[in-house]
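Containing CSV, C-alpha atoms and all ligand atoms: target24.csv.
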chain,number,residue,atom,x,y,z
I,1,MET,CA,-51.1,55.4,-67.2
I,2,THR,CA,-49.7,55.0,-70.7
I,3,VAL,CA,-47.6,51.9,-69.9
I,4,ASP,CA,-49.1,49.5,-67.3
I,5,THR,CA,-46.7,46.8,-66.0
I,6,THR,CA,-48.6,46.0,-62.8
I,7,ASN,CA,-49.7,42.7,-64.3
I,8,LYS,CA,-46.7,40.4,-64.2
I,9,THR,CA,-47.7,38.5,-67.4
I,10,LYS,CA,-48.3,41.4,-69.8
I,11,VAL,CA,-47.6,45.0,-70.6
I,12,VAL,CA,-50.6,47.2,-71.5
I,13,LEU,CA,-50.1,50.3,-73.6
I,14,THR,CA,-52.7,53.1,-73.8
I,15,LYS,CA,-52.6,56.2,-75.9
I,16,GLY,CA,-55.8,58.2,-76.5
I,17,SER,CA,-58.3,55.8,-78.1
I,18,SER,CA,-55.6,53.3,-79.0
I,19,SER,CA,-54.4,50.4,-76.8
I,20,ALA,CA,-52.3,47.3,-77.1
I,21,GLU,CA,-51.3,44.3,-74.9
I,22,ILE,CA,-48.1,42.3,-75.1
I,23,PHE,CA,-47.5,39.2,-73.1
I,24,LEU,CA,-44.0,38.5,-71.9
I,25,PHE,CA,-44.5,35.0,-73.1
I,26,GLY,CA,-43.4,35.1,-76.7
I,27,ALA,CA,-43.5,38.9,-76.6
I,28,THR,CA,-46.8,38.1,-78.2
I,29,LEU,CA,-49.0,41.1,-78.9
I,30,THR,CA,-52.6,39.8,-78.2
I,31,SER,CA,-54.7,43.0,-78.6
I,32,TRP,CA,-54.7,46.2,-80.6
I,33,ILE,CA,-57.8,48.3,-80.1
I,34,VAL,CA,-58.4,51.5,-82.1
I,35,GLY,CA,-61.4,53.6,-81.3
I,36,GLY,CA,-63.1,50.8,-79.4
I,37,LYS,CA,-62.5,48.2,-82.2
I,38,GLU,CA,-60.3,45.1,-81.7
I,39,LEU,CA,-58.2,44.3,-84.8
I,40,ILE,CA,-56.3,41.3,-83.5
I,41,PHE,CA,-57.7,37.8,-83.2
I,42,LEU,CA,-57.1,35.8,-80.1
I,43,SER,CA,-58.6,32.3,-79.9
I,44,ARG,CA,-61.1,31.7,-77.1
I,45,LYS,CA,-59.1,28.5,-76.5
I,46,ALA,CA,-55.7,30.1,-76.5
I,47,LYS,CA,-53.4,29.1,-73.6
I,48,LEU,CA,-52.1,32.2,-71.9
I,49,ASP,CA,-50.2,30.5,-69.2
I,50,GLY,CA,-46.9,29.8,-71.0
I,51,THR,CA,-47.6,26.1,-71.6
I,52,LYS,CA,-48.1,26.5,-75.4
I,53,ALA,CA,-47.4,29.3,-77.9
I,54,ILE,CA,-50.4,31.7,-77.9
I,55,ARG,CA,-53.0,30.9,-80.5
I,56,GLY,CA,-53.7,34.3,-82.0
I,57,GLY,CA,-52.1,37.7,-81.6
I,58,VAL,CA,-48.8,38.3,-83.2
I,59,PRO,CA,-46.5,35.4,-82.2
I,60,ILE,CA,-42.8,36.0,-83.2
I,61,VAL,CA,-41.4,33.2,-85.3
I,62,PHE,CA,-37.7,32.9,-84.8
I,63,PRO,CA,-35.1,31.4,-85.5
I,64,GLN,CA,-37.0,29.1,-87.9
I,65,PHE,CA,-40.2,29.3,-89.9
I,66,GLY,CA,-42.1,26.1,-90.0
I,67,THR,CA,-40.3,22.8,-89.7
I,68,VAL,CA,-37.1,22.1,-91.6
I,69,GLU,CA,-35.9,18.7,-92.6
I,70,ASP,CA,-32.4,18.8,-91.1
I,71,SER,CA,-33.3,20.8,-88.0
I,72,SER,CA,-34.8,19.5,-84.7
I,73,LEU,CA,-36.1,22.9,-83.7
I,74,PRO,CA,-39.9,22.8,-83.1
I,75,GLN,CA,-42.2,24.4,-85.7
I,76,HIS,CA,-41.6,28.2,-85.8
I,77,GLY,CA,-38.7,28.1,-83.5
I,78,PHE,CA,-38.4,29.0,-79.8
I,79,ALA,CA,-39.1,32.8,-79.5
I,80,ARG,CA,-42.8,32.3,-79.3
I,81,ASN,CA,-42.4,29.7,-76.5
I,82,SER,CA,-40.0,31.7,-74.3
I,83,PHE,CA,-40.5,34.4,-71.7
I,84,TRP,CA,-38.9,37.6,-72.9
I,85,THR,CA,-37.3,40.3,-70.9
I,86,TRP,CA,-39.1,43.6,-70.5
I,87,LEU,CA,-36.6,46.3,-71.6
I,88,GLY,CA,-38.8,49.3,-70.8
I,89,ILE,CA,-40.2,52.4,-72.3
I,90,ILE,CA,-38.2,53.9,-75.1
I,91,SER,CA,-40.3,57.0,-75.6
I,92,ASP,CA,-43.6,58.4,-74.5
I,93,THR,CA,-45.0,61.5,-76.2
I,94,ALA,CA,-48.5,63.0,-76.5
I,95,ASP,CA,-49.4,60.8,-79.5
I,96,GLU,CA,-47.1,57.9,-79.3
I,97,VAL,CA,-45.6,55.3,-77.0
I,98,GLN,CA,-42.7,53.0,-77.8
I,99,VAL,CA,-41.6,50.0,-75.7
I,100,LYS,CA,-39.0,47.2,-76.1
I,101,PHE,CA,-38.6,43.5,-75.3
I,102,GLY,CA,-35.5,41.3,-75.6
I,103,LEU,CA,-34.6,37.7,-76.0
I,104,ASN,CA,-31.3,36.0,-75.8
I,105,GLN,CA,-29.9,32.7,-74.5
I,106,SER,CA,-30.7,33.5,-70.9
I,107,ASN,CA,-34.5,33.4,-71.8
I,108,ILE,CA,-34.4,30.0,-73.6
I,109,ASP,CA,-35.1,26.6,-72.1
I,110,PRO,CA,-31.7,24.9,-72.4
I,111,GLN,CA,-33.3,21.9,-74.1
I,112,LEU,CA,-34.7,24.1,-76.8
I,113,GLY,CA,-31.7,26.3,-77.0
I,114,LYS,CA,-29.3,23.5,-77.8
I,115,LEU,CA,-31.4,22.7,-81.0
I,116,TRP,CA,-30.0,25.9,-82.7
I,117,GLU,CA,-26.3,26.3,-83.2
I,118,HIS,CA,-26.3,30.1,-82.6
I,119,THR,CA,-28.3,30.2,-79.4
I,120,LYS,CA,-25.3,31.7,-77.4
I,121,ASP,CA,-24.7,34.3,-80.1
I,122,PHE,CA,-27.9,36.2,-80.7
I,123,GLU,CA,-29.9,39.1,-79.3
I,124,LEU,CA,-33.4,39.6,-80.6
I,125,GLN,CA,-35.3,42.7,-79.7
I,126,LEU,CA,-38.9,43.7,-80.5
I,127,THR,CA,-39.9,47.3,-80.5
I,128,VAL,CA,-43.6,48.1,-80.4
I,129,THR,CA,-44.8,51.6,-81.3
I,130,LEU,CA,-48.4,52.6,-80.7
I,131,ASN,CA,-49.4,55.9,-82.4
I,132,ASP,CA,-52.9,57.2,-81.6
I,133,ASN,CA,-52.6,60.2,-84.0
I,134,LYS,CA,-51.8,58.1,-87.1
I,135,LYS,CA,-53.8,55.1,-85.6
I,136,THR,CA,-50.8,52.8,-86.4
I,137,LEU,CA,-49.1,49.9,-84.7
I,138,ALA,CA,-45.5,49.3,-85.7
I,139,MET,CA,-43.5,46.2,-84.7
I,140,LYS,CA,-39.8,46.1,-85.4
I,141,ILE,CA,-37.5,43.2,-84.9
I,142,ASN,CA,-33.7,43.5,-84.6
I,143,VAL,CA,-31.6,40.4,-84.6
I,144,GLN,CA,-28.0,40.8,-83.7
I,145,ASN,CA,-25.2,38.3,-84.2
I,146,THR,CA,-23.2,38.9,-81.0
I,147,GLY,CA,-20.7,36.2,-81.7
I,148,ASN,CA,-17.7,35.9,-84.1
I,149,ASN,CA,-19.2,33.4,-86.5
I,150,ASP,CA,-20.0,34.9,-89.9
I,151,ASN,CA,-22.2,31.9,-90.8
I,152,PHE,CA,-25.1,33.1,-88.7
I,153,LYS,CA,-28.4,32.3,-90.4
I,154,PHE,CA,-32.1,32.3,-89.4
I,155,THR,CA,-35.6,32.9,-90.7
I,156,ALA,CA,-38.1,35.1,-88.9
I,157,LEU,CA,-41.7,36.2,-89.2
I,158,LEU,CA,-44.5,38.2,-87.5
I,159,HIS,CA,-47.4,35.8,-87.4
I,160,THR,CA,-50.2,38.3,-87.3
I,161,TYR,CA,-53.7,37.0,-86.7
I,162,PHE,CA,-56.3,39.6,-87.9
I,163,LYS,CA,-59.7,39.6,-86.4
I,164,ILE,CA,-62.5,39.7,-88.9
I,165,ASN,CA,-66.2,38.7,-88.7
I,166,ASP,CA,-66.6,36.9,-92.0
I,167,ILE,CA,-63.8,35.1,-93.8
I,168,THR,CA,-66.0,35.0,-97.0
I,169,LYS,CA,-65.8,38.8,-97.3
I,170,VAL,CA,-62.0,39.0,-97.0
I,171,GLU,CA,-60.1,40.2,-100.1
I,172,ILE,CA,-56.3,40.5,-100.0
I,173,PHE,CA,-54.7,42.9,-102.4
I,174,GLY,CA,-51.1,43.4,-103.5
I,175,LEU,CA,-50.2,39.8,-104.2
I,176,LYS,CA,-50.9,39.7,-107.9
I,177,ASN,CA,-47.9,38.7,-110.1
I,178,SER,CA,-46.0,37.4,-107.1
I,179,MET,CA,-44.5,33.9,-107.0
I,180,TYR,CA,-45.6,31.6,-104.2
I,181,HIS,CA,-45.1,28.3,-102.6
I,182,ASP,CA,-48.4,26.5,-101.7
I,183,LYS,CA,-47.9,24.5,-98.5
I,184,VAL,CA,-51.3,22.8,-98.9
I,185,LEU,CA,-50.6,21.6,-102.5
I,186,LYS,CA,-46.9,21.2,-101.7
I,187,LYS,CA,-46.1,23.1,-104.9
I,188,SER,CA,-43.6,25.8,-105.6
I,189,GLY,CA,-43.1,28.3,-108.4
I,190,LEU,CA,-46.8,29.2,-108.6
I,191,LEU,CA,-47.8,32.7,-109.9
I,192,GLU,CA,-50.6,34.6,-108.2
I,193,GLY,CA,-53.1,35.8,-110.9
I,194,ASN,CA,-55.7,37.3,-108.7
I,195,GLU,CA,-56.0,41.0,-108.1
I,196,ALA,CA,-58.0,40.2,-104.9
I,197,LEU,CA,-57.2,36.9,-103.1
I,198,LYS,CA,-60.3,35.3,-101.5
I,199,ILE,CA,-60.2,32.6,-98.9
I,200,ASP,CA,-62.6,29.7,-99.4
I,201,LYS,CA,-60.6,26.7,-98.4
I,202,GLU,CA,-57.5,25.8,-96.3
I,203,THR,CA,-54.9,28.3,-97.4
I,204,ASP,CA,-51.2,28.2,-96.5
I,205,ARG,CA,-49.0,30.1,-99.0
I,206,VAL,CA,-45.7,31.8,-98.9
I,207,TYR,CA,-45.4,34.7,-101.3
I,208,SER,CA,-42.2,36.3,-102.3
I,209,LEU,CA,-43.2,39.9,-102.4
I,210,ASN,CA,-41.2,42.9,-103.6
I,211,GLU,CA,-43.9,45.4,-102.9
I,212,ASN,CA,-43.8,46.9,-99.5
I,213,SER,CA,-47.5,47.3,-99.1
I,214,ILE,CA,-50.3,44.8,-98.9
I,215,GLY,CA,-53.9,45.6,-98.2
I,216,PHE,CA,-56.9,43.7,-97.3
I,217,ASN,CA,-60.6,44.5,-97.2
I,218,PHE,CA,-62.9,42.8,-94.8
I,219,ASN,CA,-66.5,43.3,-93.9
I,220,GLU,CA,-65.9,46.0,-91.5
I,221,GLY,CA,-63.1,48.0,-93.1
I,222,LYS,CA,-59.6,47.9,-94.6
I,223,ILE,CA,-56.2,47.3,-93.2
I,224,VAL,CA,-53.0,48.2,-94.9
I,225,ILE,CA,-49.9,46.3,-93.9
I,226,LYS,CA,-46.5,48.0,-94.7
I,227,LYS,CA,-43.4,45.9,-94.5
I,228,PHE,CA,-39.8,47.1,-94.5
I,229,GLY,CA,-36.9,44.6,-94.7
I,230,PHE,CA,-39.1,41.5,-94.9
I,231,SER,CA,-39.1,39.7,-98.2
I,232,ASP,CA,-42.2,37.4,-97.9
I,233,VAL,CA,-45.8,37.3,-96.9
I,234,VAL,CA,-47.6,34.2,-95.6
I,235,VAL,CA,-51.3,33.9,-95.9
I,236,TRP,CA,-52.9,31.3,-93.7
I,237,ASN,CA,-56.3,30.1,-92.7
I,238,PRO,CA,-56.8,26.5,-91.4
I,239,TRP,CA,-60.4,26.2,-92.7
I,240,ILE,CA,-62.8,23.5,-91.4
I,241,GLU,CA,-60.8,20.2,-91.0
I,242,LYS,CA,-57.6,21.7,-89.6
I,243,ALA,CA,-59.6,24.0,-87.3
I,244,ARG,CA,-61.2,20.8,-85.8
I,245,SER,CA,-57.8,19.2,-85.2
I,246,MET,CA,-56.4,22.1,-83.3
I,247,ALA,CA,-56.9,21.8,-79.5
I,248,ASP,CA,-56.4,25.5,-78.8
I,249,PHE,CA,-58.7,26.8,-81.6
I,250,ASP,CA,-62.5,26.7,-81.7
I,251,ASP,CA,-64.0,24.7,-84.6
I,252,GLU,CA,-65.8,27.8,-86.0
I,253,GLU,CA,-63.1,30.3,-85.4
I,254,TYR,CA,-61.6,29.9,-88.9
I,255,LYS,CA,-64.4,32.3,-90.0
I,256,GLU,CA,-63.2,35.0,-87.7
I,257,MET,CA,-59.5,35.2,-88.5
I,258,VAL,CA,-57.0,35.4,-91.3
I,259,CYS,CA,-53.2,35.4,-90.9
I,260,VAL,CA,-51.3,37.7,-93.1
I,261,GLU,CA,-47.7,37.3,-91.9
I,262,VAL,CA,-44.7,39.3,-93.0
I,263,GLY,CA,-41.4,37.6,-92.7
I,264,ALA,CA,-38.0,36.7,-94.1
I,265,VAL,CA,-38.7,33.0,-94.6
I,266,SER,CA,-38.3,31.8,-98.2
I,267,LYS,CA,-34.5,32.1,-97.8
I,268,SER,CA,-32.5,32.4,-94.7
I,269,VAL,CA,-31.1,35.8,-93.5
I,270,SER,CA,-27.3,35.9,-93.0
I,271,VAL,CA,-25.8,38.3,-90.6
I,272,SER,CA,-22.1,38.6,-90.2
I,273,SER,CA,-20.3,38.8,-86.9
I,274,THR,CA,-21.4,41.8,-84.7
I,275,ASN,CA,-23.9,43.0,-87.3
I,276,SER,CA,-27.7,43.0,-87.2
I,277,PHE,CA,-30.8,42.6,-89.2
I,278,GLU,CA,-33.8,44.9,-88.8
I,279,ALA,CA,-37.3,44.6,-90.3
I,280,VAL,CA,-40.6,46.3,-89.6
I,281,GLN,CA,-44.3,45.8,-90.0
I,282,GLU,CA,-46.6,48.8,-89.7
I,283,LEU,CA,-50.3,48.4,-89.6
D,1,LIG,C1,-48.3,29.4,-90.7
D,1,LIG,C2,-47.8,28.2,-91.4
D,1,LIG,O1,-47.4,30.4,-90.7
D,1,LIG,O2,-48.5,28.9,-89.3
D,1,LIG,C3,-48.7,27.0,-91.4
D,1,LIG,O3,-47.5,28.6,-92.8
D,1,LIG,C4,-49.0,26.7,-89.9
D,1,LIG,O4,-48.2,25.9,-92.1
D,1,LIG,C5,-49.5,27.9,-89.2
D,1,LIG,O5,-50.0,25.6,-89.9
D,1,LIG,C6,-49.8,27.7,-87.7
D,1,LIG,O6,-48.7,27.1,-87.1
D,1,LIG,P1,-48.8,26.6,-85.6
D,1,LIG,O7,-47.5,25.9,-85.3
D,1,LIG,O8,-49.0,27.9,-84.8
D,1,LIG,O9,-50.0,25.7,-85.5
When written as structure tokens, how does the structure in this file appear?
Amino acid sequence: MTVDTTNKTKVVLTKGSSSAEIFLFGATLTSWIVGGKELIFLSRKAKLDGTKAIRGGVPIVFPQFGTVEDSSLPQHGFARNSFWTWLGIISDTADEVQVKFGLNQSNIDPQLGKLWEHTKDFELQLTVTLNDNKKTLAMKINVQNTGNNDNFKFTALLHTYFKINDITKVEIFGLKNSMYHDKVLKKSGLLEGNEALKIDKETDRVYSLNENSIGFNFNEGKIVIKKFGFSDVVVWNPWIEKARSMADFDDEEYKEMVCVEVGAVSKSVSVSSTNSFEAVQEL
């Protein structure tokens, strides 16, 4: 079976030697296996019962990245904390399967929904495409302004946790000469000088990136991330102290993951009435 929906909590896609799993909670993709190798990190302590955003996978950050001074929305918004609607199979060919999930006001806890002024006027869709011939995984978000307010704004991001076996071997390419905001140092307007970014401390940076391709090498191989429509890339690793403070993350797991997250976060996206925004990550 290419698309298995027998488990009520998640959808499992299989195509040749590729597979992926997406929970309805958050439409969070928690696994992508290519040729027997898992490429997505999921914490051993992750809550998978809908009581907390899933620690690992690819949580969808929407309608707000981080916390914002004049907003009461929780960190990273409400999409990752809501049960999405399964919209079904879009296509299923010999090499590729494509499925869709949707989120709108009807999926949001009213207490959370009232914290964003456009809750009644949005439709968010996630399309996941698993291709076994190209060995790729594409995730597309489409945000529609269904209302008649032209002042519809949001930020969004695909918070991808990559599974690695040794953080000290990770080198991230494609960021050189980009400006970034360092959330650890609380400093903006910094310029990346490294050809290859290494992670050897708590790292939490928001890069404005014109290039559409970022790559990273790790012990076991190389991943290329392609982005279309997203303006920024966040690089995050909690390192030792922060890992210890997180209840849903093992103390040592910071060695086994790195988040390289494509998004539109350094400035809000505006969408006029009845129009939509679309952006894609392809791995
Ligand atoms: C990153 C942010 O995207 O997500 C970090 O830049 C944040 O600041 C991290 O700590 C994890 O966030 P959370 O809410 O899932 O613990």
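Take the candidates I:Lys186, I:Lys242, I:Lys134, I:Lys255 and check each one against Lys163 in chain I using all atoms listed in the file; the shortest distance goes to I:Lys255.
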Using 9 Å as the limit and counting all atoms listed in the file, can you tabulate each residue of chain I that touches ligand LIG 1 (chain D), with its shortest atom-to-atom distance in Å and the two atoms involved, as a Markdown table?
| residue | atom | partner | partner_atom | distance |
| --- | --- | --- | --- | --- |
| I:Ala53 | CA | D:LIG1 | O8 | 7.2 |
| I:Ile54 | CA | D:LIG1 | O8 | 8.0 |
| I:Arg55 | CA | D:LIG1 | O8 | 6.6 |
| I:Gly56 | CA | D:LIG1 | O8 | 8.4 |
| I:Pro59 | CA | D:LIG1 | O8 | 8.3 |
| I:Val61 | CA | D:LIG1 | O1 | 8.5 |
| I:Phe65 | CA | D:LIG1 | O1 | 7.3 |
| I:Gly66 | CA | D:LIG1 | C2 | 6.2 |
| I:Thr67 | CA | D:LIG1 | O4 | 8.8 |
| I:Pro74 | CA | D:LIG1 | O7 | 8.5 |
| I:Gln75 | CA | D:LIG1 | O7 | 5.5 |
| I:His76 | CA | D:LIG1 | O7 | 6.4 |
| I:Leu157 | CA | D:LIG1 | O1 | 8.3 |
| I:Leu158 | CA | D:LIG1 | O1 | 8.9 |
| I:His159 | CA | D:LIG1 | O1 | 6.3 |
| I:Lys183 | CA | D:LIG1 | O4 | 6.6 |
| I:Val184 | CA | D:LIG1 | O4 | 8.1 |
| I:Thr203 | CA | D:LIG1 | O3 | 8.7 |
| I:Asp204 | CA | D:LIG1 | O3 | 5.2 |
| I:Arg205 | CA | D:LIG1 | O3 | 6.6 |
| I:Val206 | CA | D:LIG1 | O3 | 7.1 |
| I:Val234 | CA | D:LIG1 | O1 | 6.2 |
| I:Val235 | CA | D:LIG1 | O3 | 7.2 |
| I:Trp236 | CA | D:LIG1 | C1 | 5.8 |
| I:Asn237 | CA | D:LIG1 | C5 | 8.0 |
| I:Pro238 | CA | D:LIG1 | O5 | 7.0 |
| I:Lys242 | CA | D:LIG1 | O5 | 8.5 |
| I:Met246 | CA | D:LIG1 | O9 | 7.7 |
| I:Cys259 | CA | D:LIG1 | O1 | 7.7 |
| I:Val260 | CA | D:LIG1 | O1 | 8.6 |
| I:Glu261 | CA | D:LIG1 | O1 | 7.0 |
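Closest approach to Gly189 in chain I from the set I:Thr85, I:Ser266, I:Thr119, I:Asn145 is made by I:Ser266, with distances taken over all atoms listed in the file.
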> So what do you get for CA of Thr168 in chain I versus CA of Glu256 in chain I, distance-wise?
Replying inline: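 Computed distance, CA of Thr168 in chain I to CA of Glu256 in chain I, equals 9.7 Å.
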Judged by all atoms listed in the file, the minimum distance to Ser71 in chain I among I:Lys120, I:Arg44, I:Val258, I:Phe154 is found for I:Phe154
*Find the residues around range 30-36 of chain I up to 10 Å (all atoms listed in the file counted), leave out those fewer than 3 positions away in its own chain, and share them as a PyMOL selection string.*
chain I and resi 10+12-23+27+39-43+48+54-59+130+132+135-137+160-163
Near-Tyr254 in chain I list (8 Å; all atoms listed in the file; drop same-chain fewer than 3 positions) as a ChimeraX atom specification:
/I:167,237-240,243,250-251,257-258
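The smallest atom-to-atom distance between Ala264 in chain I and any of I:Gln281, I:Gln105, I:Thr129, I:Thr28, using only C-alpha atoms, is found for I:Gln281.
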- Task: Anything within 12 Å of (-26.8, 41.9, -86.9): list those residues as a ChimeraX atom specification, counting only C-alpha atoms and sticking to the file's coordinates.
- Result: /I:121-125,141-154,269-279
* To do: Find the distance between CA of Ser72 in chain I and CA of Phe230 in chain I and write it in Å to one decimal.
  =>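 CA of Phe230 in chain I lies at a distance of 24.6 Å from CA of Ser72 in chain I.
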| request: May I ask which of the residues I:Val128, I:Ala156, I:Val97, I:Met179 is the closest one to Arg80 in chain I, counting only C-alpha atoms? | output: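 Looking only at the distances to Arg80 in chain I, the closest residue turns out to be I:Ala156.
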### Computed interatomic separation between CA of Glu192 in chain I and CA of Pro63 in chain I (Å)
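Rounded to one decimal, the two atoms are 27.7 Å apart.
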For Ile164 in chain I, the closest of I:Ser231, I:Thr2, I:Asn7, I:Asn217 counting all atoms listed in the file is I:Asn217
Using all atoms listed in the file, which protein or nucleic acid residues come within 7 Å of Lys198 in chain I? Drop anything in the same chain fewer than 3 positions from it, and give the result as a PyMOL selection string.
chain I and resi 170-172
Output, as JSON, the centre and edge lengths in Å (one decimal) of the axis-aligned box that contains all listed atoms of range 93-99 of chain I with 4 Å of margin on each side.
{"center_x": -45.5, "center_y": 56.5, "center_z": -77.6, "size_x": 15.8, "size_y": 21.0, "size_z": 11.8}
For this session: Name all residues at most 9 Å from Val99 in chain I (count all atoms listed in the file; drop same-chain ones fewer than 5 positions away) and give them as a list in words.
Result: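 Near Val99 in chain I, the qualifying residues are Val3, Leu13, Trp86, Leu87, Gly88, Ile89, Ile90, Ser91, Asp92, Leu126, Thr127, Val128, Thr129 and Leu130 of chain I.
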Take range 212-225 of chain I, bring it up to N, CA and C atoms, and give me the output as a PDB file, keeping the file's coordinate frame.
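File out-v6.pdb, as written:
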ATOM      1  N   ASN I 212     -43.885  46.746-100.900  1.00  0.00           N
ATOM      2  CA  ASN I 212     -43.800  46.900 -99.500  1.00  0.00           C
ATOM      3  C   ASN I 212     -45.165  47.149 -98.816  1.00  0.00           C
ATOM      4  N   SER I 213     -46.219  47.022 -99.629  1.00  0.00           N
ATOM      5  CA  SER I 213     -47.500  47.300 -99.100  1.00  0.00           C
ATOM      6  C   SER I 213     -48.536  46.248 -99.533  1.00  0.00           C
ATOM      7  N   ILE I 214     -49.289  45.712 -98.597  1.00  0.00           N
ATOM      8  CA  ILE I 214     -50.300  44.800 -98.900  1.00  0.00           C
ATOM      9  C   ILE I 214     -51.572  45.294 -98.215  1.00  0.00           C
ATOM     10  N   GLY I 215     -52.720  45.127 -98.834  1.00  0.00           N
ATOM     11  CA  GLY I 215     -53.900  45.600 -98.200  1.00  0.00           C
ATOM     12  C   GLY I 215     -54.917  44.526 -98.102  1.00  0.00           C
ATOM     13  N   PHE I 216     -55.790  44.583 -97.143  1.00  0.00           N
ATOM     14  CA  PHE I 216     -56.900  43.700 -97.300  1.00  0.00           C
ATOM     15  C   PHE I 216     -58.190  44.344 -96.786  1.00  0.00           C
ATOM     16  N   ASN I 217     -59.248  44.003 -97.508  1.00  0.00           N
ATOM     17  CA  ASN I 217     -60.600  44.500 -97.200  1.00  0.00           C
ATOM     18  C   ASN I 217     -61.279  43.384 -96.435  1.00  0.00           C
ATOM     19  N   PHE I 218     -62.058  43.737 -95.463  1.00  0.00           N
ATOM     20  CA  PHE I 218     -62.900  42.800 -94.800  1.00  0.00           C
ATOM     21  C   PHE I 218     -64.240  43.469 -94.567  1.00  0.00           C
ATOM     22  N   ASN I 219     -65.155  42.734 -94.054  1.00  0.00           N
ATOM     23  CA  ASN I 219     -66.500  43.300 -93.900  1.00  0.00           C
ATOM     24  C   ASN I 219     -66.541  44.654 -93.309  1.00  0.00           C
ATOM     25  N   GLU I 220     -65.761  44.823 -92.250  1.00  0.00           N
ATOM     26  CA  GLU I 220     -65.900  46.000 -91.500  1.00  0.00           C
ATOM     27  C   GLU I 220     -64.947  47.142 -91.892  1.00  0.00           C
ATOM     28  N   GLY I 221     -64.010  46.879 -92.782  1.00  0.00           N
ATOM     29  CA  GLY I 221     -63.100  48.000 -93.100  1.00  0.00           C
ATOM     30  C   GLY I 221     -61.926  47.495 -93.957  1.00  0.00           C
ATOM     31  N   LYS I 222     -60.812  48.162 -93.764  1.00  0.00           N
ATOM     32  CA  LYS I 222     -59.600  47.900 -94.600  1.00  0.00           C
ATOM     33  C   LYS I 222     -58.407  48.036 -93.719  1.00  0.00           C
ATOM     34  N   ILE I 223     -57.457  47.154 -93.930  1.00  0.00           N
ATOM     35  CA  ILE I 223     -56.200  47.300 -93.200  1.00  0.00           C
ATOM     36  C   ILE I 223     -55.088  47.328 -94.257  1.00  0.00           C
ATOM     37  N   VAL I 224     -54.124  48.205 -94.055  1.00  0.00           N
ATOM     38  CA  VAL I 224     -53.000  48.200 -94.900  1.00  0.00           C
ATOM     39  C   VAL I 224     -51.768  47.783 -94.090  1.00  0.00           C
ATOM     40  N   ILE I 225     -51.039  46.819 -94.643  1.00  0.00           N
ATOM     41  CA  ILE I 225     -49.900  46.300 -93.900  1.00  0.00           C
ATOM     42  C   ILE I 225     -48.647  46.820 -94.709  1.00  0.00           C
TER      43      ILE I 225
END
